[in-house]
>>> print(open('run.txt').read())   # compact mmCIF, C-alpha atoms and all ligand atoms
# COMPACT_ATOMS: atom_id res chain seq x y z
CA MET A 1182 68.14 -26.18 73.83
CA ALA A 1183 64.34 -26.33 73.88
CA GLU A 1184 62.40 -25.83 70.68
CA VAL A 1185 60.72 -22.43 70.37
CA ARG A 1186 57.01 -22.87 70.95
CA ILE A 1187 54.07 -20.48 70.98
CA ILE A 1188 51.73 -21.70 73.71
CA PHE A 1189 48.16 -20.58 74.30
CA GLN A 1190 45.93 -21.43 77.21
CA ALA A 1191 42.38 -20.73 76.00
CA ASP A 1192 42.89 -17.27 74.42
CA LYS A 1193 45.86 -16.27 76.55
CA LEU A 1194 49.47 -16.35 75.36
CA TRP A 1195 52.20 -17.69 77.61
CA LEU A 1196 55.02 -15.18 78.03
CA ARG A 1197 58.23 -15.14 80.01
CA ALA A 1198 57.39 -13.35 83.23
CA ASP A 1199 60.69 -11.46 83.06
CA ALA A 1200 59.89 -10.09 79.59
CA VAL A 1201 59.09 -6.61 80.91
CA ALA A 1202 62.48 -6.19 82.51
CA ARG A 1203 64.33 -7.58 79.51
CA ILE A 1204 65.04 -5.44 76.50
CA ALA A 1205 64.26 -8.65 74.78
CA PRO A 1206 66.45 -9.61 71.86
CA GLU A 1207 64.07 -12.53 71.38
CA PRO A 1208 60.27 -12.65 71.58
CA PRO A 1209 58.87 -13.08 75.10
CA PHE A 1210 57.08 -16.26 74.02
CA HIS A 1211 60.51 -17.93 73.88
CA LEU A 1212 59.92 -19.73 77.17
CA PRO A 1213 62.49 -20.96 79.65
CA ASP A 1214 63.92 -24.40 78.80
CA GLY A 1215 62.44 -27.55 80.23
CA ILE A 1216 58.76 -26.57 80.34
CA GLN A 1217 56.65 -29.69 79.89
CA VAL A 1218 53.00 -29.34 78.90
CA GLN A 1219 50.19 -31.66 77.92
CA PRO A 1220 48.92 -30.04 74.74
CA GLU A 1221 45.26 -30.38 73.75
CA ALA A 1222 46.05 -29.11 70.29
CA THR A 1223 49.32 -28.86 68.42
CA PHE A 1224 50.38 -27.92 64.92
CA ARG A 1225 53.13 -26.06 63.07
CA LEU A 1226 52.98 -22.69 61.43
CA PRO A 1227 53.95 -22.81 57.75
CA GLU A 1228 57.44 -21.54 58.71
CA GLY A 1229 57.87 -24.46 61.14
CA ILE A 1230 57.23 -22.94 64.59
CA LEU A 1231 55.36 -25.25 66.92
CA VAL A 1232 52.05 -23.87 68.27
CA GLN A 1233 50.27 -25.56 71.15
CA ARG A 1234 47.15 -25.00 73.20
CA VAL A 1235 47.14 -26.37 76.73
CA ALA A 1236 44.24 -27.22 79.02
CA ALA A 1237 42.56 -24.32 80.81
CA ASP A 1238 43.32 -25.88 84.22
CA GLN A 1239 47.02 -26.51 83.55
CA PRO A 1240 49.02 -24.67 86.25
CA LEU A 1241 51.38 -21.96 84.98
CA PRO A 1242 55.01 -23.10 85.07
CA PRO A 1243 57.45 -20.97 87.12
CA GLY A 1244 58.69 -17.94 85.19
CA VAL A 1245 55.66 -17.88 82.88
CA GLU A 1246 52.55 -15.73 82.82
CA ALA A 1247 49.43 -15.90 80.64
CA MET A 1248 48.15 -12.79 78.91
CA GLY A 1249 45.53 -11.86 76.29
CA LEU A 1250 46.93 -10.64 72.99
CA ARG A 1251 45.65 -7.07 73.46
CA GLU A 1252 47.46 -6.80 76.77
CA ALA A 1253 50.55 -8.58 75.41
CA HIS A 1254 50.91 -5.97 72.65
CA ALA A 1255 52.53 -3.51 75.05
CA ARG A 1256 55.13 -6.13 76.01
CA MET A 1257 56.19 -7.30 72.59
CA ALA A 1258 58.03 -6.06 69.51
CA SER A 1259 55.59 -5.67 66.66
CA GLY A 1260 56.97 -8.58 64.59
CA ALA A 1261 56.70 -10.99 67.52
CA TRP A 1262 53.17 -9.82 68.33
CA LEU A 1263 52.09 -10.35 64.74
CA GLN A 1264 53.59 -13.85 64.78
CA ALA A 1265 51.75 -14.72 68.00
CA GLY A 1266 48.53 -13.34 66.50
CA ARG A 1267 49.05 -15.41 63.38
CA ALA A 1268 49.62 -18.51 65.52
CA TYR A 1269 46.37 -17.77 67.34
CA GLN A 1270 44.43 -17.38 64.08
CA TRP A 1271 45.74 -20.74 62.83
CA LEU A 1272 44.91 -22.37 66.15
CA GLU A 1273 41.37 -21.01 65.98
CA TRP A 1274 41.00 -22.14 62.39
CA GLU A 1275 42.20 -25.64 63.29
CA ALA A 1276 39.83 -25.83 66.24
CA GLY A 1277 36.81 -24.62 64.26
CA HIS A 1278 37.24 -26.76 61.12
CA ARG A 1279 37.45 -30.34 62.26
CA PHE A 1280 34.13 -31.39 60.71
CA CYS A 1281 32.39 -30.70 57.39
CA GLY A 1282 29.91 -27.82 57.66
CA GLY A 1283 27.71 -29.51 55.05
CA CYS A 1284 27.42 -33.08 56.32
CA ALA A 1285 29.34 -33.17 59.64
CA THR A 1286 31.84 -35.82 58.50
CA ARG A 1287 35.36 -35.47 59.96
CA LEU A 1288 37.51 -33.48 57.49
CA GLU A 1289 40.73 -34.86 56.02
CA PRO A 1290 43.83 -33.02 54.79
CA GLY A 1291 43.16 -31.40 51.43
CA GLU A 1292 45.13 -29.37 48.93
CA GLY A 1293 47.77 -27.11 50.46
CA THR A 1294 46.46 -25.70 53.74
CA GLY A 1295 42.90 -26.76 52.92
CA ARG A 1296 40.78 -29.65 54.12
CA ARG A 1297 38.44 -31.94 52.25
CA CYS A 1298 35.33 -33.81 53.24
CA PRO A 1299 35.67 -37.48 52.24
CA ALA A 1300 31.87 -37.92 52.17
CA CYS A 1301 30.57 -34.98 50.12
CA GLY A 1302 33.78 -33.55 48.62
CA ARG A 1303 33.38 -30.07 50.14
CA LEU A 1304 36.67 -28.15 50.26
CA VAL A 1305 37.49 -25.81 53.13
CA PHE A 1306 40.35 -23.31 53.15
CA PRO A 1307 41.58 -21.04 55.95
CA ALA A 1308 39.67 -17.76 55.71
CA HIS A 1309 39.44 -14.45 57.50
CA ALA A 1310 36.46 -12.54 58.67
CA THR A 1311 37.25 -9.51 56.51
CA ALA A 1312 36.31 -6.08 57.77
CA ILE A 1313 36.83 -2.63 56.27
CA ILE A 1314 37.65 0.52 58.16
CA VAL A 1315 37.51 3.98 56.64
CA LEU A 1316 38.65 7.36 57.90
CA ILE A 1317 36.52 10.09 56.29
CA GLN A 1318 37.73 13.67 56.10
CA ARG A 1319 36.10 16.96 55.16
CA GLY A 1320 38.47 19.67 53.97
CA GLU A 1321 42.28 19.59 54.00
CA GLY A 1322 45.19 20.74 56.13
CA PRO A 1323 44.93 22.05 59.69
CA GLY A 1324 41.23 22.98 59.24
CA MET A 1325 40.31 19.43 58.26
CA GLU A 1326 37.54 17.62 60.09
CA LEU A 1327 37.24 13.85 60.60
CA ALA A 1328 34.02 11.82 60.82
CA LEU A 1329 34.39 9.69 63.96
CA ALA A 1330 31.86 7.50 65.68
CA ARG A 1331 31.36 5.74 68.95
CA SER A 1332 30.10 2.19 69.35
CA PRO A 1333 28.56 1.25 72.70
CA HIS A 1334 31.28 -1.47 72.87
CA PHE A 1335 34.14 1.07 72.92
CA GLN A 1336 35.87 2.16 76.11
CA ALA A 1337 34.34 5.28 77.63
CA GLY A 1338 34.98 8.41 75.58
CA VAL A 1339 36.71 6.67 72.65
CA TYR A 1340 35.71 7.52 69.06
CA SER A 1341 37.04 5.83 65.95
CA ALA A 1342 36.74 5.52 62.19
CA ILE A 1343 33.81 3.67 60.62
CA ALA A 1344 34.25 -0.11 60.38
CA GLY A 1345 32.22 -3.15 59.47
CA PHE A 1346 32.38 -6.64 58.03
CA THR A 1347 32.24 -7.30 54.32
CA GLU A 1348 29.33 -9.41 53.10
CA PRO A 1349 29.53 -12.42 50.77
CA GLY A 1350 29.95 -11.41 47.14
CA GLU A 1351 30.87 -7.81 47.92
CA SER A 1352 34.06 -5.99 46.91
CA LEU A 1353 36.00 -4.12 49.60
CA GLU A 1354 35.04 -0.81 47.96
CA GLN A 1355 31.34 -1.72 47.91
CA ALA A 1356 31.55 -2.66 51.58
CA VAL A 1357 33.08 0.74 52.43
CA HIS A 1358 30.35 2.71 50.63
CA ARG A 1359 27.59 0.53 52.11
CA GLU A 1360 28.88 0.74 55.68
CA VAL A 1361 29.32 4.51 55.51
CA LYS A 1362 25.81 4.95 54.11
CA GLU A 1363 24.30 2.59 56.70
CA GLU A 1364 26.16 3.88 59.73
CA LEU A 1365 26.48 7.60 58.99
CA GLY A 1366 23.93 8.28 56.25
CA ILE A 1367 26.46 10.16 54.10
CA ARG A 1368 28.16 9.53 50.77
CA ILE A 1369 31.92 9.55 50.24
CA HIS A 1370 34.31 9.77 47.29
CA ARG A 1371 38.09 9.81 46.59
CA LEU A 1372 38.41 6.42 48.28
CA SER A 1373 42.06 5.31 48.66
CA TYR A 1374 43.69 2.23 50.09
CA PHE A 1375 45.63 2.74 53.32
CA GLY A 1376 46.84 -0.69 54.46
CA SER A 1377 45.67 -3.85 56.17
CA GLN A 1378 46.14 -5.55 59.49
CA PRO A 1379 45.56 -9.09 60.73
CA TRP A 1380 43.24 -8.81 63.73
CA PRO A 1381 43.42 -11.95 65.87
CA PHE A 1382 40.16 -11.38 67.84
CA PRO A 1383 39.61 -14.12 66.84
CA ASN A 1384 40.19 -14.31 63.07
CA GLY A 1385 39.90 -10.93 61.43
CA LEU A 1386 41.59 -9.06 58.64
CA MET A 1387 41.05 -5.29 58.77
CA VAL A 1388 41.45 -3.44 55.48
CA GLY A 1389 41.93 0.30 55.92
CA PHE A 1390 40.88 3.12 53.59
CA ARG A 1391 40.71 6.89 53.56
CA ALA A 1392 37.96 8.85 51.88
CA HIS A 1393 36.51 12.33 51.52
CA HIS A 1394 32.98 13.47 52.31
CA LEU A 1395 30.87 13.88 49.18
CA ASP A 1396 27.43 14.88 50.49
CA GLY A 1397 24.87 14.31 53.21
CA GLU A 1398 24.48 15.22 56.88
CA LEU A 1399 25.57 12.76 59.60
CA GLN A 1400 22.68 10.56 60.70
CA PRO A 1401 24.27 7.93 62.98
CA ASP A 1402 22.62 4.51 62.91
CA PRO A 1403 21.01 4.27 66.39
CA VAL A 1404 21.47 0.48 66.50
CA GLU A 1405 25.23 0.39 65.78
CA LEU A 1406 26.36 3.75 67.11
CA GLU A 1407 26.02 5.74 70.28
CA ASP A 1408 27.23 8.95 68.66
CA ALA A 1409 29.06 10.33 65.64
CA GLY A 1410 30.38 13.72 64.69
CA TRP A 1411 32.79 15.83 62.68
CA PHE A 1412 35.86 16.54 64.79
CA ARG A 1413 38.46 19.23 64.18
CA LEU A 1414 42.06 18.10 64.71
CA ASP A 1415 42.49 20.52 67.63
CA ALA A 1416 39.40 19.08 69.37
CA LEU A 1417 39.71 15.34 68.94
CA PRO A 1418 38.05 12.94 71.40
CA LEU A 1419 39.88 9.96 72.95
CA LEU A 1420 41.29 7.74 70.18
CA PRO A 1421 41.68 3.95 69.92
CA ALA A 1422 44.74 2.13 71.32
CA PRO A 1423 47.98 2.25 69.31
CA LEU A 1424 47.81 -1.39 68.23
CA SER A 1425 44.88 -0.83 65.90
CA ILE A 1426 44.89 0.20 62.26
CA ALA A 1427 42.21 2.72 63.31
CA ARG A 1428 44.85 4.56 65.29
CA GLN A 1429 47.39 4.31 62.47
CA LEU A 1430 44.83 5.90 60.12
CA LEU A 1431 44.21 8.72 62.57
CA ASP A 1432 47.89 9.32 63.33
CA THR A 1433 48.67 9.48 59.61
CA ALA A 1434 45.88 11.99 58.93
CA ILE A 1435 46.98 14.16 61.86
CA ARG A 1436 50.62 14.07 60.76
CA GLU A 1437 49.75 15.00 57.17
CA SER A 1438 47.57 17.92 58.19
CA ARG A 1439 50.44 19.73 59.90
CA PRO A 1440 51.92 22.54 57.86
CA GLU A 1441 55.27 21.73 56.24
CA PRO A 1442 58.14 23.07 58.36
CA SER A 1443 59.55 26.15 56.67
CA GLY A 1444 62.89 25.62 54.97
CA ALA A 1445 64.61 28.45 56.81
ZN ZN B 1 30.77 -33.20 53.87
>>> encode(input="run.txt", output="structure tokens")
Amino acid sequence: MAEVRIIFQADKLWLRADAVARIAPEPPFHLPDGIQVQPEATFRLPEGILVQRVAADQPLPPGVEAMGLREAHARMASGAWLQAGRAYQWLEWEAGHRFCGGCATRLEPGEGTGRRCPACGRLVFPAHATAIIVLIQRGEGPGMELALARSPHFQAGVYSAIAGFTEPGESLEQAVHREVKEELGIRIHRLSYFGSQPWPFPNGLMVGFRAHHLDGELQPDPVELEDAGWFRLDALPLLPAPLSIARQLLDTAIRESRPEPSGA
């Protein structure tokens, strides 16, 4: 029996072409036996699974199709998708950290998952690009309003929560307050942690929060945002795709705002 491999071709994941029809008991990246590839890069995830990247011009083997991770989300169980995303983040880290950023010497294995420069001693460890996302509400219950904004990069009509990258030396909480002030011109309070999500496009970690409006009128940053507004729950715009933590934040807020069913 062939070893389970996660194979990428550039940024596309190889999946069994029959994975749609299958109610797959195993992840669709468990490829048919006997597939031979010439890997350009190969390594193992910490749990032992082999991850390979093949050349962009390698023909697809029979029974296999190549698909971006966003598209693949609809075809995969959540655990398998997360594992493929993790494989992709490791692959990207491997590819982008072959040489020392300080002196350009080839890096050597270092402590644990890190690498070390034999010339200048610089240590490099796998890292995320960390971003925060915050869903801001005004009021409670069914009359609640949500502050949502639209980046010019979003699909037409889609609005989402406020997000941005953390800066060096900043706490997650500081990043939330700064981004909200910069992008919307308002202040928030009652900040609470919601959850986090690896975001393999290409190496992100999204950290989600909820917060309440404190003061200020919305003044959307014209560079980052096309539009922003307060939206009532019965008049929401188009929302982000289900794979994102943005959507999980929104779904949770909507669910919580519904009145408790009466106990009759
Ligand atoms: Zn160096």
>>> atom_distance(input="run.txt", atom1="atom CA of Glu1252 of chain A", atom2="atom CA of Phe1306 of chain A")
29.7 Å
>>> residues_around(input="run.txt", residues="Ala1200 of chain A", least_positions_apart="5", cutoff="10 Å", atoms="all atoms listed in the file", output="count of residues only")
12
>>> atom_distance(input="run.txt", atom1="atom CA of Leu1250 of chain A", atom2="atom CA of Ile1187 of chain A")
12.3 Å
>>> closest_residue(input="run.txt", among="A:Val1357, A:Ala1330, A:Leu1386, A:Leu1406", to="Ala1312 of chain A", atoms="all atoms listed in the file")
A:Leu1386
>>> residues_around(input="run.txt", residues="Gly1320 of chain A", least_positions_apart="4", cutoff="9 Å", atoms="only C-alpha atoms", output="PyMOL selection string")
chain A and resi 1324-1327+1393-1394
>>> residues_near_ligand(input="run.txt", ligand="ligand ZN 1 (chain B)", cutoff="6 Å", atoms="all atoms listed in the file", output="list of chain:residue names")
A:Cys1281, A:Gly1283, A:Cys1284, A:Ala1285, A:Thr1286, A:Cys1298, A:Ala1300, A:Cys1301, A:Arg1303
>>> residues_around(input="run.txt", residues="Val1232 of chain A", least_positions_apart="6", cutoff="6 Å", atoms="all atoms listed in the file", output="JSON, numbers by chain")
{"A": [1186, 1187, 1188, 1223, 1224, 1225]}
>>> closest_residue(input="run.txt", among="A:Leu1194, A:Ile1313, A:Leu1365, A:Leu1353", to="Ala1268 of chain A", atoms="only C-alpha atoms")
A:Leu1194
>>> atom_distance(input="run.txt", atom1="atom CA of Leu1288 of chain A", atom2="atom CA of Pro1220 of chain A")
21.0 Å
>>> closest_residue(input="run.txt", among="A:Gln1264, A:Ser1332, A:Gln1219, A:Gln1190", to="Met1248 of chain A", atoms="only C-alpha atoms")
A:Gln1190
>>> closest_atom_pairs(input="run.txt", of="segment 1313-1354 of chain A", to="segment 1360-1363 of chain A", cutoff="12 Å", atoms="all atoms listed in the file", output="CSV")
residue,atom,partner,partner_atom,distance
A:Ile1313,CA,A:Glu1360,CA,8.7
A:Ile1314,CA,A:Glu1360,CA,9.1
A:Val1315,CA,A:Val1361,CA,8.3
A:Leu1316,CA,A:Val1361,CA,10.0
A:Ile1317,CA,A:Val1361,CA,9.1
A:Ala1328,CA,A:Val1361,CA,10.2
A:Leu1329,CA,A:Val1361,CA,11.1
A:Ala1330,CA,A:Val1361,CA,10.9
A:Ala1342,CA,A:Val1361,CA,10.0
A:Ile1343,CA,A:Val1361,CA,6.9
A:Ala1344,CA,A:Glu1360,CA,7.2
A:Gly1345,CA,A:Glu1360,CA,6.4
A:Phe1346,CA,A:Glu1360,CA,8.5
A:Thr1347,CA,A:Glu1360,CA,8.8
A:Glu1348,CA,A:Glu1360,CA,10.5
A:Glu1351,CA,A:Glu1360,CA,11.7
A:Leu1353,CA,A:Glu1360,CA,10.5
A:Glu1354,CA,A:Glu1360,CA,10.0
>>> write_last_selection(input="run.txt", atoms="C-alpha atoms", output="PDB file, in the coordinates of the input")
ATOM      1  CA  ILE A1313      36.830  -2.630  56.270  1.00  0.00           C
ATOM      2  CA  ILE A1314      37.650   0.520  58.160  1.00  0.00           C
ATOM      3  CA  VAL A1315      37.510   3.980  56.640  1.00  0.00           C
ATOM      4  CA  LEU A1316      38.650   7.360  57.900  1.00  0.00           C
ATOM      5  CA  ILE A1317      36.520  10.090  56.290  1.00  0.00           C
ATOM      6  CA  ALA A1328      34.020  11.820  60.820  1.00  0.00           C
ATOM      7  CA  LEU A1329      34.390   9.690  63.960  1.00  0.00           C
ATOM      8  CA  ALA A1330      31.860   7.500  65.680  1.00  0.00           C
ATOM      9  CA  ALA A1342      36.740   5.520  62.190  1.00  0.00           C
ATOM     10  CA  ILE A1343      33.810   3.670  60.620  1.00  0.00           C
ATOM     11  CA  ALA A1344      34.250  -0.110  60.380  1.00  0.00           C
ATOM     12  CA  GLY A1345      32.220  -3.150  59.470  1.00  0.00           C
ATOM     13  CA  PHE A1346      32.380  -6.640  58.030  1.00  0.00           C
ATOM     14  CA  THR A1347      32.240  -7.300  54.320  1.00  0.00           C
ATOM     15  CA  GLU A1348      29.330  -9.410  53.100  1.00  0.00           C
ATOM     16  CA  GLU A1351      30.870  -7.810  47.920  1.00  0.00           C
ATOM     17  CA  LEU A1353      36.000  -4.120  49.600  1.00  0.00           C
ATOM     18  CA  GLU A1354      35.040  -0.810  47.960  1.00  0.00           C
TER      19      GLU A1354
END
>>> closest_residue(input="run.txt", among="A:Val1185, A:Gly1295, A:Pro1323, A:Phe1382", to="Asp1415 of chain A", atoms="only C-alpha atoms")
A:Pro1323
>>> closest_residue(input="run.txt", among="A:Tyr1340, A:Phe1189, A:Phe1375, A:Trp1380", to="Phe1412 of chain A", atoms="only C-alpha atoms")
A:Tyr1340
>>> closest_residue(input="run.txt", among="A:Leu1414, A:Phe1280, A:Ala1191, A:Ala1356", to="Asp1238 of chain A", atoms="all atoms listed in the file")
A:Ala1191
>>> residues_around(input="run.txt", residues="Leu1399 of chain A", least_positions_apart="3", cutoff="9 Å", atoms="all atoms listed in the file", output="MDAnalysis selection string")
chainID A and resid 1328 1364:1367 1409:1411
>>> decode(input="run.txt", residues="segment 1354-1421 of chain A", atoms="C-alpha atoms", output="PDB file, in the first residue's frame")
ATOM      1  CA  GLU A1354      -5.106  43.580  21.979  1.00  0.00           C
ATOM      2  CA  GLN A1355      -3.077  46.639  20.969  1.00  0.00           C
ATOM      3  CA  ALA A1356      -3.305  45.563  17.339  1.00  0.00           C
ATOM      4  CA  VAL A1357      -7.112  45.305  17.586  1.00  0.00           C
ATOM      5  CA  HIS A1358      -7.512  48.795  19.060  1.00  0.00           C
ATOM      6  CA  ARG A1359      -5.050  50.300  16.555  1.00  0.00           C
ATOM      7  CA  GLU A1360      -6.645  48.669  13.505  1.00  0.00           C
ATOM      8  CA  VAL A1361     -10.151  49.697  14.551  1.00  0.00           C
ATOM      9  CA  LYS A1362      -9.032  53.282  15.141  1.00  0.00           C
ATOM     10  CA  GLU A1363      -7.117  53.409  11.837  1.00  0.00           C
ATOM     11  CA  GLU A1364      -9.730  51.743   9.666  1.00  0.00           C
ATOM     12  CA  LEU A1365     -12.992  52.941  11.206  1.00  0.00           C
ATOM     13  CA  GLY A1366     -12.026  55.938  13.353  1.00  0.00           C
ATOM     14  CA  ILE A1367     -13.955  54.631  16.370  1.00  0.00           C
ATOM     15  CA  ARG A1368     -13.011  53.328  19.807  1.00  0.00           C
ATOM     16  CA  ILE A1369     -14.105  49.967  21.206  1.00  0.00           C
ATOM     17  CA  HIS A1370     -14.264  48.291  24.617  1.00  0.00           C
ATOM     18  CA  ARG A1371     -15.327  44.944  26.175  1.00  0.00           C
ATOM     19  CA  LEU A1372     -12.835  43.138  23.952  1.00  0.00           C
ATOM     20  CA  SER A1373     -13.110  39.333  24.227  1.00  0.00           C
ATOM     21  CA  TYR A1374     -11.247  36.470  22.614  1.00  0.00           C
ATOM     22  CA  PHE A1375     -13.232  34.415  20.110  1.00  0.00           C
ATOM     23  CA  GLY A1376     -10.830  31.862  18.612  1.00  0.00           C
ATOM     24  CA  SER A1377      -8.063  31.505  16.063  1.00  0.00           C
ATOM     25  CA  GLN A1378      -7.594  29.954  12.665  1.00  0.00           C
ATOM     26  CA  PRO A1379      -4.545  28.984  10.628  1.00  0.00           C
ATOM     27  CA  TRP A1380      -4.878  30.769   7.291  1.00  0.00           C
ATOM     28  CA  PRO A1381      -2.676  29.127   4.654  1.00  0.00           C
ATOM     29  CA  PHE A1382      -2.689  32.030   2.134  1.00  0.00           C
ATOM     30  CA  PRO A1383       0.250  31.663   2.392  1.00  0.00           C
ATOM     31  CA  ASN A1384       1.271  31.618   6.062  1.00  0.00           C
ATOM     32  CA  GLY A1385      -1.236  33.384   8.246  1.00  0.00           C
ATOM     33  CA  LEU A1386      -2.714  32.937  11.683  1.00  0.00           C
ATOM     34  CA  MET A1387      -5.983  34.816  12.201  1.00  0.00           C
ATOM     35  CA  VAL A1388      -6.872  35.627  15.803  1.00  0.00           C
ATOM     36  CA  GLY A1389     -10.536  36.514  16.265  1.00  0.00           C
ATOM     37  CA  PHE A1390     -12.111  38.866  18.818  1.00  0.00           C
ATOM     38  CA  ARG A1391     -15.459  40.429  19.577  1.00  0.00           C
ATOM     39  CA  ALA A1392     -15.881  43.930  20.927  1.00  0.00           C
ATOM     40  CA  HIS A1393     -18.463  46.611  21.638  1.00  0.00           C
ATOM     41  CA  HIS A1394     -18.563  50.148  20.291  1.00  0.00           C
ATOM     42  CA  LEU A1395     -17.391  52.701  22.853  1.00  0.00           C
ATOM     43  CA  ASP A1396     -17.548  56.030  21.000  1.00  0.00           C
ATOM     44  CA  GLY A1397     -16.948  57.768  17.700  1.00  0.00           C
ATOM     45  CA  GLU A1398     -18.656  57.921  14.304  1.00  0.00           C
ATOM     46  CA  LEU A1399     -17.536  55.610  11.478  1.00  0.00           C
ATOM     47  CA  GLN A1400     -14.912  57.269   9.295  1.00  0.00           C
ATOM     48  CA  PRO A1401     -13.682  54.502   6.963  1.00  0.00           C
ATOM     49  CA  ASP A1402     -10.030  54.749   5.936  1.00  0.00           C
ATOM     50  CA  PRO A1403     -10.250  55.621   2.209  1.00  0.00           C
ATOM     51  CA  VAL A1404      -6.998  53.772   1.426  1.00  0.00           C
ATOM     52  CA  GLU A1405      -7.941  50.405   2.979  1.00  0.00           C
ATOM     53  CA  LEU A1406     -11.710  50.422   2.679  1.00  0.00           C
ATOM     54  CA  GLU A1407     -14.274  51.015  -0.003  1.00  0.00           C
ATOM     55  CA  ASP A1408     -17.128  51.338   2.475  1.00  0.00           C
ATOM     56  CA  ALA A1409     -18.129  50.616   6.063  1.00  0.00           C
ATOM     57  CA  GLY A1410     -21.368  50.808   7.972  1.00  0.00           C
ATOM     58  CA  TRP A1411     -23.502  49.681  10.880  1.00  0.00           C
ATOM     59  CA  PHE A1412     -25.724  46.824   9.743  1.00  0.00           C
ATOM     60  CA  ARG A1413     -28.825  45.528  11.488  1.00  0.00           C
ATOM     61  CA  LEU A1414     -29.113  41.733  11.602  1.00  0.00           C
ATOM     62  CA  ASP A1415     -32.248  41.812   9.433  1.00  0.00           C
ATOM     63  CA  ALA A1416     -30.434  43.849   6.755  1.00  0.00           C
ATOM     64  CA  LEU A1417     -27.023  42.235   6.463  1.00  0.00           C
ATOM     65  CA  PRO A1418     -24.998  42.503   3.245  1.00  0.00           C
ATOM     66  CA  LEU A1419     -23.317  39.483   1.594  1.00  0.00           C
ATOM     67  CA  LEU A1420     -21.005  37.775   4.098  1.00  0.00           C
ATOM     68  CA  PRO A1421     -17.624  36.041   3.657  1.00  0.00           C
TER      69      PRO A1421
END
